[in-house]
Amino acid sequence: MYGEPIILASESLRRSAILESLHIPFQKMVPSIDESVFDHLEPGERVRALATAKARRGAALWLEKQAGARPAADPRFVLGADTLVAFHDEGGWLTIGKPADEREAFDMLSMEAGKRQYVFSGLCLLDMERDLPHLALSVSEVQFSPMTSEDIEWYLGFGEWRGAAGAYRIQGVGSYFIEEIKGSFSGVMGLPIRELYGILRESGYLASL
């Protein structure tokens with residue numbers, strides 16, 4: 001069994017659902033950060049930096065919320081996460097995040113159709129007691145099937161593109177267009193479970209197991 005709840009510094013319903021499926025108790029904070037400050041980094045570094053920034057902001061929000069009214073069992077750990085979709089060519093990495101609107105979602109899916117992409121998911125479990133971040137990275141490959149404009153328009157009608165890196169959700173209708181995955185299915189969803197387990201053990205959260 002688990003101990004105290006962790007703070008999930010994320011608005012993602014997918015990440016909440018994964019933690020619930022793992023029976024990890026958590027409380028949610030929604031951090032707002034300027035993600036563009038890390039645009040110059042390589043994808044793997046970028047998602048870890050963003051996960052760390054989100055975890056630290058989540059910790060700050062939690063402490064502000066609890067000022068003067070600390071509960072008996074104050075959470076010690078904050079979990080931040082970030083996911084990017086990237087393509088690699090001779091010029092380096094081209095990364096795409098979440099579409100701003102349906103037109104951008106259409107363009108993203110048109111780019112992805114028939115191609116192999118890399119999905120980078122970074123995790124940061126911040127130990128607030130020691131101010132110590134525990135970092136992890138998952139990199140998976142996803143091969144898309146070819147998609148016609150009609151396929152894309154049909155898929156967009158389900159609304160899964162909203163808030164999704166790369167404009168699709170692999171655990172939903174988007175799975176119709178996935179030919180192959182190499183790596184972590186949960187990592188493509190946004191919270192790689194095996195890597196999460198590693199930092200939960202490393203941090204001492206699961207030390208009693």
# chains A, B, ... in the order shown; residues from 1 in each chain; ligands from 1
call {"tool": "closest_atom_pairs", "arguments": {"of": "stretch 76-100 of chain A", "to": "stretch 109-119 of chain A", "cutoff": "12 Å", "atoms": "only C-alpha atoms", "output": "Markdown table"}}
result
| residue | atom | partner | partner_atom | distance |
| --- | --- | --- | --- | --- |
| A:Asp82 | CA | A:Val119 | CA | 10.5 |
| A:Thr83 | CA | A:Val119 | CA | 7.0 |
| A:Leu84 | CA | A:Val119 | CA | 5.8 |
| A:Val85 | CA | A:Val119 | CA | 4.6 |
| A:Ala86 | CA | A:Tyr118 | CA | 5.2 |
| A:Phe87 | CA | A:Gln117 | CA | 5.2 |
| A:His88 | CA | A:Gln117 | CA | 7.8 |
| A:Asp89 | CA | A:Gln117 | CA | 10.7 |
| A:Trp93 | CA | A:Tyr118 | CA | 9.8 |
| A:Leu94 | CA | A:Gln117 | CA | 10.0 |
| A:Thr95 | CA | A:Tyr118 | CA | 9.2 |
| A:Ile96 | CA | A:Val119 | CA | 9.9 |
| A:Gly97 | CA | A:Val119 | CA | 10.4 |
| A:Lys98 | CA | A:Leu109 | CA | 11.4 |
| A:Pro99 | CA | A:Leu109 | CA | 10.1 |
call {"tool": "write_last_selection", "arguments": {"atoms": "N, CA and C atoms", "output": "PDB file, in the first residue's frame"}}
result
ATOM      1  N   ASP A  82       5.849  16.115 -18.687  1.00  0.00           N
ATOM      2  CA  ASP A  82       5.662  16.808 -19.957  1.00  0.00           C
ATOM      3  C   ASP A  82       5.916  15.829 -21.098  1.00  0.00           C
ATOM      4  N   THR A  83       5.175  16.024 -22.194  1.00  0.00           N
ATOM      5  CA  THR A  83       5.299  15.139 -23.354  1.00  0.00           C
ATOM      6  C   THR A  83       5.397  15.961 -24.631  1.00  0.00           C
ATOM      7  N   LEU A  84       6.325  15.565 -25.493  1.00  0.00           N
ATOM      8  CA  LEU A  84       6.497  16.205 -26.794  1.00  0.00           C
ATOM      9  C   LEU A  84       6.561  15.147 -27.880  1.00  0.00           C
ATOM     10  N   VAL A  85       6.024  15.476 -29.025  1.00  0.00           N
ATOM     11  CA  VAL A  85       6.154  14.647 -30.220  1.00  0.00           C
ATOM     12  C   VAL A  85       7.231  15.283 -31.099  1.00  0.00           C
ATOM     13  N   ALA A  86       8.120  14.461 -31.647  1.00  0.00           N
ATOM     14  CA  ALA A  86       9.217  15.006 -32.443  1.00  0.00           C
ATOM     15  C   ALA A  86       9.511  14.123 -33.645  1.00  0.00           C
ATOM     16  N   PHE A  87       9.995  14.759 -34.699  1.00  0.00           N
ATOM     17  CA  PHE A  87      10.472  14.078 -35.896  1.00  0.00           C
ATOM     18  C   PHE A  87      11.949  14.390 -36.057  1.00  0.00           C
ATOM     19  N   HIS A  88      12.702  13.403 -36.530  1.00  0.00           N
ATOM     20  CA  HIS A  88      14.142  13.601 -36.693  1.00  0.00           C
ATOM     21  C   HIS A  88      14.507  13.483 -38.161  1.00  0.00           C
ATOM     22  N   ASP A  89      15.291  14.462 -38.628  1.00  0.00           N
ATOM     23  CA  ASP A  89      15.812  14.398 -39.996  1.00  0.00           C
ATOM     24  C   ASP A  89      17.229  14.936 -40.001  1.00  0.00           C
ATOM     25  N   TRP A  93      15.955  17.966 -34.878  1.00  0.00           N
ATOM     26  CA  TRP A  93      14.637  17.640 -34.356  1.00  0.00           C
ATOM     27  C   TRP A  93      13.613  18.711 -34.689  1.00  0.00           C
ATOM     28  N   LEU A  94      12.441  18.278 -35.092  1.00  0.00           N
ATOM     29  CA  LEU A  94      11.288  19.152 -35.239  1.00  0.00           C
ATOM     30  C   LEU A  94      10.260  18.683 -34.227  1.00  0.00           C
ATOM     31  N   THR A  95       9.939  19.532 -33.247  1.00  0.00           N
ATOM     32  CA  THR A  95       9.018  19.144 -32.186  1.00  0.00           C
ATOM     33  C   THR A  95       7.655  19.798 -32.387  1.00  0.00           C
ATOM     34  N   ILE A  96       6.628  19.090 -31.972  1.00  0.00           N
ATOM     35  CA  ILE A  96       5.278  19.639 -31.982  1.00  0.00           C
ATOM     36  C   ILE A  96       4.631  19.348 -30.636  1.00  0.00           C
ATOM     37  N   GLY A  97       3.881  20.310 -30.158  1.00  0.00           N
ATOM     38  CA  GLY A  97       3.209  20.153 -28.871  1.00  0.00           C
ATOM     39  C   GLY A  97       1.720  19.963 -29.045  1.00  0.00           C
ATOM     40  N   LYS A  98       0.937  20.755 -28.330  1.00  0.00           N
ATOM     41  CA  LYS A  98      -0.522  20.652 -28.393  1.00  0.00           C
ATOM     42  C   LYS A  98      -1.060  21.670 -29.398  1.00  0.00           C
ATOM     43  N   PRO A  99      -2.006  21.280 -30.216  1.00  0.00           N
ATOM     44  CA  PRO A  99      -2.565  22.223 -31.190  1.00  0.00           C
ATOM     45  C   PRO A  99      -3.402  23.307 -30.515  1.00  0.00           C
TER      46      PRO A  99
END
call {"tool": "residues_around", "arguments": {"residues": "A:Leu135", "least_positions_apart": "4", "cutoff": "12 Å", "atoms": "only C-alpha atoms", "output": "mmCIF file with N, CA, C and O atoms, in the first residue's frame"}}
result
data_model
loop_
_atom_site.group_PDB
_atom_site.id
_atom_site.type_symbol
_atom_site.label_atom_id
_atom_site.label_comp_id
_atom_site.auth_asym_id
_atom_site.auth_seq_id
_atom_site.Cartn_x
_atom_site.Cartn_y
_atom_site.Cartn_z
ATOM 1 N N GLY A 44 14.632 15.575 -25.336
ATOM 2 C CA GLY A 44 14.763 14.866 -24.069
ATOM 3 C C GLY A 44 15.050 15.807 -22.909
ATOM 4 O O GLY A 44 14.474 15.681 -21.818
ATOM 5 N N GLU A 45 15.957 16.759 -23.120
ATOM 6 C CA GLU A 45 16.256 17.749 -22.087
ATOM 7 C C GLU A 45 15.061 18.649 -21.841
ATOM 8 O O GLU A 45 14.774 19.049 -20.710
ATOM 9 N N VAL A 47 11.732 18.103 -22.185
ATOM 10 C CA VAL A 47 10.611 17.565 -21.406
ATOM 11 C C VAL A 47 10.986 17.393 -19.938
ATOM 12 O O VAL A 47 10.144 17.572 -19.057
ATOM 13 N N ARG A 48 12.248 17.090 -19.660
ATOM 14 C CA ARG A 48 12.656 16.983 -18.260
ATOM 15 C C ARG A 48 12.689 18.353 -17.597
ATOM 16 O O ARG A 48 12.298 18.504 -16.434
ATOM 17 N N ALA A 49 13.160 19.368 -18.339
ATOM 18 C CA ALA A 49 13.170 20.730 -17.799
ATOM 19 C C ALA A 49 11.754 21.223 -17.543
ATOM 20 O O ALA A 49 11.470 21.857 -16.514
ATOM 21 N N LEU A 50 10.846 20.947 -18.481
ATOM 22 C CA LEU A 50 9.463 21.365 -18.312
ATOM 23 C C LEU A 50 8.788 20.628 -17.154
ATOM 24 O O LEU A 50 8.028 21.221 -16.387
ATOM 25 N N ALA A 51 9.075 19.327 -17.029
ATOM 26 C CA ALA A 51 8.508 18.557 -15.919
ATOM 27 C C ALA A 51 8.981 19.115 -14.580
ATOM 28 O O ALA A 51 8.208 19.221 -13.622
ATOM 29 N N THR A 52 10.260 19.500 -14.520
ATOM 30 C CA THR A 52 10.813 20.066 -13.288
ATOM 31 C C THR A 52 10.177 21.406 -12.971
ATOM 32 O O THR A 52 9.809 21.692 -11.822
ATOM 33 N N ALA A 53 10.038 22.253 -13.993
ATOM 34 C CA ALA A 53 9.417 23.566 -13.789
ATOM 35 C C ALA A 53 7.978 23.420 -13.314
ATOM 36 O O ALA A 53 7.512 24.163 -12.442
ATOM 37 N N ALA A 55 6.717 20.814 -11.674
ATOM 38 C CA ALA A 55 6.733 20.286 -10.313
ATOM 39 C C ALA A 55 7.030 21.396 -9.306
ATOM 40 O O ALA A 55 6.376 21.492 -8.260
ATOM 41 N N VAL A 78 5.933 16.060 -5.199
ATOM 42 C CA VAL A 78 5.166 16.675 -6.281
ATOM 43 C C VAL A 78 5.618 16.042 -7.595
ATOM 44 O O VAL A 78 6.823 15.958 -7.866
ATOM 45 N N LEU A 79 4.660 15.620 -8.407
ATOM 46 C CA LEU A 79 4.983 14.995 -9.691
ATOM 47 C C LEU A 79 4.645 15.947 -10.836
ATOM 48 O O LEU A 79 3.507 16.390 -10.980
ATOM 49 N N GLY A 80 5.656 16.264 -11.636
ATOM 50 C CA GLY A 80 5.462 17.042 -12.852
ATOM 51 C C GLY A 80 5.783 16.174 -14.055
ATOM 52 O O GLY A 80 6.618 15.263 -13.967
ATOM 53 N N ALA A 81 5.137 16.439 -15.183
ATOM 54 C CA ALA A 81 5.366 15.634 -16.386
ATOM 55 C C ALA A 81 5.169 16.504 -17.623
ATOM 56 O O ALA A 81 4.421 17.478 -17.606
ATOM 57 N N ASP A 82 5.849 16.115 -18.687
ATOM 58 C CA ASP A 82 5.662 16.808 -19.957
ATOM 59 C C ASP A 82 5.916 15.829 -21.098
ATOM 60 O O ASP A 82 6.764 14.930 -20.983
ATOM 61 N N SER A 121 8.624 11.699 -23.130
ATOM 62 C CA SER A 121 7.889 12.005 -21.906
ATOM 63 C C SER A 121 8.880 12.140 -20.754
ATOM 64 O O SER A 121 9.621 11.198 -20.450
ATOM 65 N N GLY A 122 8.899 13.307 -20.150
ATOM 66 C CA GLY A 122 9.788 13.569 -19.018
ATOM 67 C C GLY A 122 9.010 13.609 -17.718
ATOM 68 O O GLY A 122 7.869 14.075 -17.676
ATOM 69 N N LEU A 123 9.628 13.114 -16.656
ATOM 70 C CA LEU A 123 9.024 13.116 -15.328
ATOM 71 C C LEU A 123 9.957 13.780 -14.327
ATOM 72 O O LEU A 123 11.180 13.651 -14.423
ATOM 73 N N CYS A 124 9.359 14.477 -13.378
ATOM 74 C CA CYS A 124 10.107 14.993 -12.235
ATOM 75 C C CYS A 124 9.296 14.751 -10.978
ATOM 76 O O CYS A 124 8.156 15.229 -10.865
ATOM 77 N N LEU A 125 9.848 13.976 -10.064
ATOM 78 C CA LEU A 125 9.245 13.790 -8.751
ATOM 79 C C LEU A 125 10.057 14.628 -7.774
ATOM 80 O O LEU A 125 11.200 14.295 -7.455
ATOM 81 N N LEU A 126 9.493 15.736 -7.342
ATOM 82 C CA LEU A 126 10.201 16.681 -6.474
ATOM 83 C C LEU A 126 9.952 16.358 -5.012
ATOM 84 O O LEU A 126 8.804 16.342 -4.558
ATOM 85 N N ASP A 127 11.035 16.089 -4.285
ATOM 86 C CA ASP A 127 10.976 15.881 -2.843
ATOM 87 C C ASP A 127 11.035 17.264 -2.194
ATOM 88 O O ASP A 127 12.093 17.887 -2.128
ATOM 89 N N GLU A 195 8.972 4.091 -15.772
ATOM 90 C CA GLU A 195 9.870 5.153 -15.328
ATOM 91 C C GLU A 195 9.347 5.817 -14.051
ATOM 92 O O GLU A 195 10.120 6.208 -13.170
ATOM 93 N N LEU A 196 8.023 5.922 -13.941
ATOM 94 C CA LEU A 196 7.433 6.466 -12.714
ATOM 95 C C LEU A 196 7.772 5.583 -11.523
ATOM 96 O O LEU A 196 8.155 6.079 -10.452
ATOM 97 N N TYR A 197 7.640 4.282 -11.720
ATOM 98 C CA TYR A 197 7.980 3.349 -10.637
ATOM 99 C C TYR A 197 9.429 3.534 -10.195
ATOM 100 O O TYR A 197 9.735 3.534 -8.991
ATOM 101 N N GLY A 198 10.322 3.732 -11.159
ATOM 102 C CA GLY A 198 11.740 3.902 -10.836
ATOM 103 C C GLY A 198 11.991 5.097 -9.940
ATOM 104 O O GLY A 198 12.741 5.006 -8.956
ATOM 105 N N ILE A 199 11.369 6.250 -10.246
ATOM 106 C CA ILE A 199 11.633 7.427 -9.418
ATOM 107 C C ILE A 199 10.859 7.381 -8.096
ATOM 108 O O ILE A 199 11.305 7.972 -7.101
ATOM 109 N N LEU A 200 9.736 6.656 -8.070
ATOM 110 C CA LEU A 200 9.052 6.474 -6.788
ATOM 111 C C LEU A 200 9.910 5.640 -5.838
ATOM 112 O O LEU A 200 9.967 5.914 -4.635
ATOM 113 N N ARG A 201 10.593 4.632 -6.375
ATOM 114 C CA ARG A 201 11.511 3.837 -5.548
ATOM 115 C C ARG A 201 12.749 4.641 -5.167
ATOM 116 O O ARG A 201 13.183 4.640 -4.018
ATOM 117 N N GLU A 202 13.318 5.325 -6.151
ATOM 118 C CA GLU A 202 14.546 6.108 -5.919
ATOM 119 C C GLU A 202 14.347 7.174 -4.849
ATOM 120 O O GLU A 202 15.232 7.439 -4.035
ATOM 121 N N SER A 203 13.182 7.795 -4.852
ATOM 122 C CA SER A 203 12.904 8.896 -3.930
ATOM 123 C C SER A 203 12.621 8.440 -2.507
ATOM 124 O O SER A 203 12.676 9.236 -1.573
#
call {"tool": "select_by_dssp", "arguments": {"residues": "stretch 59-189 of chain A", "states": "alpha helix (DSSP H)", "output": "ChimeraX atom specification"}}
result
/A:59-66,102-112,149-156,185-189
call {"tool": "atom_distance", "arguments": {"atom1": "atom CA of A:Gly183", "atom2": "atom CA of A:Tyr168"}}
result
17.4 Å
call {"tool": "atom_distance", "arguments": {"atom1": "atom CA of A:Phe144", "atom2": "atom CA of A:Leu22"}}
result
28.6 Å
call {"tool": "atom_distance", "arguments": {"atom1": "atom CA of A:Asp131", "atom2": "atom CA of A:Ile6"}}
result
14.7 Å
call {"tool": "closest_residue", "arguments": {"among": "A:Met29, A:Leu41, A:Val139, A:Leu206", "to": "A:Met189", "atoms": "only C-alpha atoms"}}
result
A:Val139
call {"tool": "closest_residue", "arguments": {"among": "A:Gln143, A:Ser10, A:Ser138, A:Ser16", "to": "A:Val30", "atoms": "only C-alpha atoms"}}
result
A:Ser10
call {"tool": "closest_residue", "arguments": {"among": "A:Ala105, A:Met128, A:Ala59, A:Ile181", "to": "A:Ala167", "atoms": "only C-alpha atoms"}}
result
A:Ala105
call {"tool": "select_by_dssp", "arguments": {"residues": "stretch 73-167 of chain A", "states": "strand (DSSP E)", "output": "PyMOL selection string"}}
result
chain A and resi 77-89+92-96+116-127+132-144
call {"tool": "residues_around", "arguments": {"residues": "stretch 155-158 of chain A", "least_positions_apart": "6", "cutoff": "12 Å", "atoms": "only C-alpha atoms", "output": "list in words"}}
result
Pro99, Asp101, Glu102, Arg103, Glu104, Ala105, Phe106, Asp107, Met108, Leu109, Ser110, Met147, Thr148, Ser149, Ala164, Ala167, Tyr168, Arg169, Gly172, Val173, Gly174, Ser175, Tyr176 and Phe177 of chain A
call {"tool": "write_last_selection", "arguments": {"atoms": "C-alpha atoms", "output": "short mmCIF file (atom, residue, chain, number, x, y, z; two decimals), in the first residue's frame"}}
result
data_model
loop_
_atom_site.label_atom_id
_atom_site.label_comp_id
_atom_site.auth_asym_id
_atom_site.auth_seq_id
_atom_site.Cartn_x
_atom_site.Cartn_y
_atom_site.Cartn_z
CA PRO A 99 -2.57 22.22 -31.19
CA ASP A 101 -7.13 24.95 -32.68
CA GLU A 102 -8.65 22.46 -35.09
CA ARG A 103 -6.81 23.89 -38.09
CA GLU A 104 -3.47 23.36 -36.38
CA ALA A 105 -4.57 19.88 -35.33
CA PHE A 106 -5.33 19.07 -38.98
CA ASP A 107 -1.86 20.26 -40.01
CA MET A 108 -0.18 18.20 -37.28
CA LEU A 109 -2.01 15.02 -38.24
CA SER A 110 -1.24 15.63 -41.92
CA MET A 147 -4.28 9.10 -43.55
CA THR A 148 -6.39 10.83 -46.15
CA SER A 149 -7.83 14.30 -45.58
CA ALA A 164 -3.15 16.34 -26.79
CA ALA A 167 -3.19 16.19 -31.80
CA TYR A 168 -4.11 12.56 -31.07
CA ARG A 169 -4.81 10.20 -28.19
CA GLY A 172 -8.79 6.43 -27.97
CA VAL A 173 -10.00 6.58 -31.55
CA GLY A 174 -6.50 7.67 -32.58
CA SER A 175 -5.40 4.04 -32.18
CA TYR A 176 -7.09 3.29 -35.52
CA PHE A 177 -4.18 4.99 -37.25
#
call {"tool": "closest_residue", "arguments": {"among": "A:Ile178, A:Ile152, A:Ala17, A:Ala9", "to": "A:Phe77", "atoms": "only C-alpha atoms"}}
result
A:Ala9
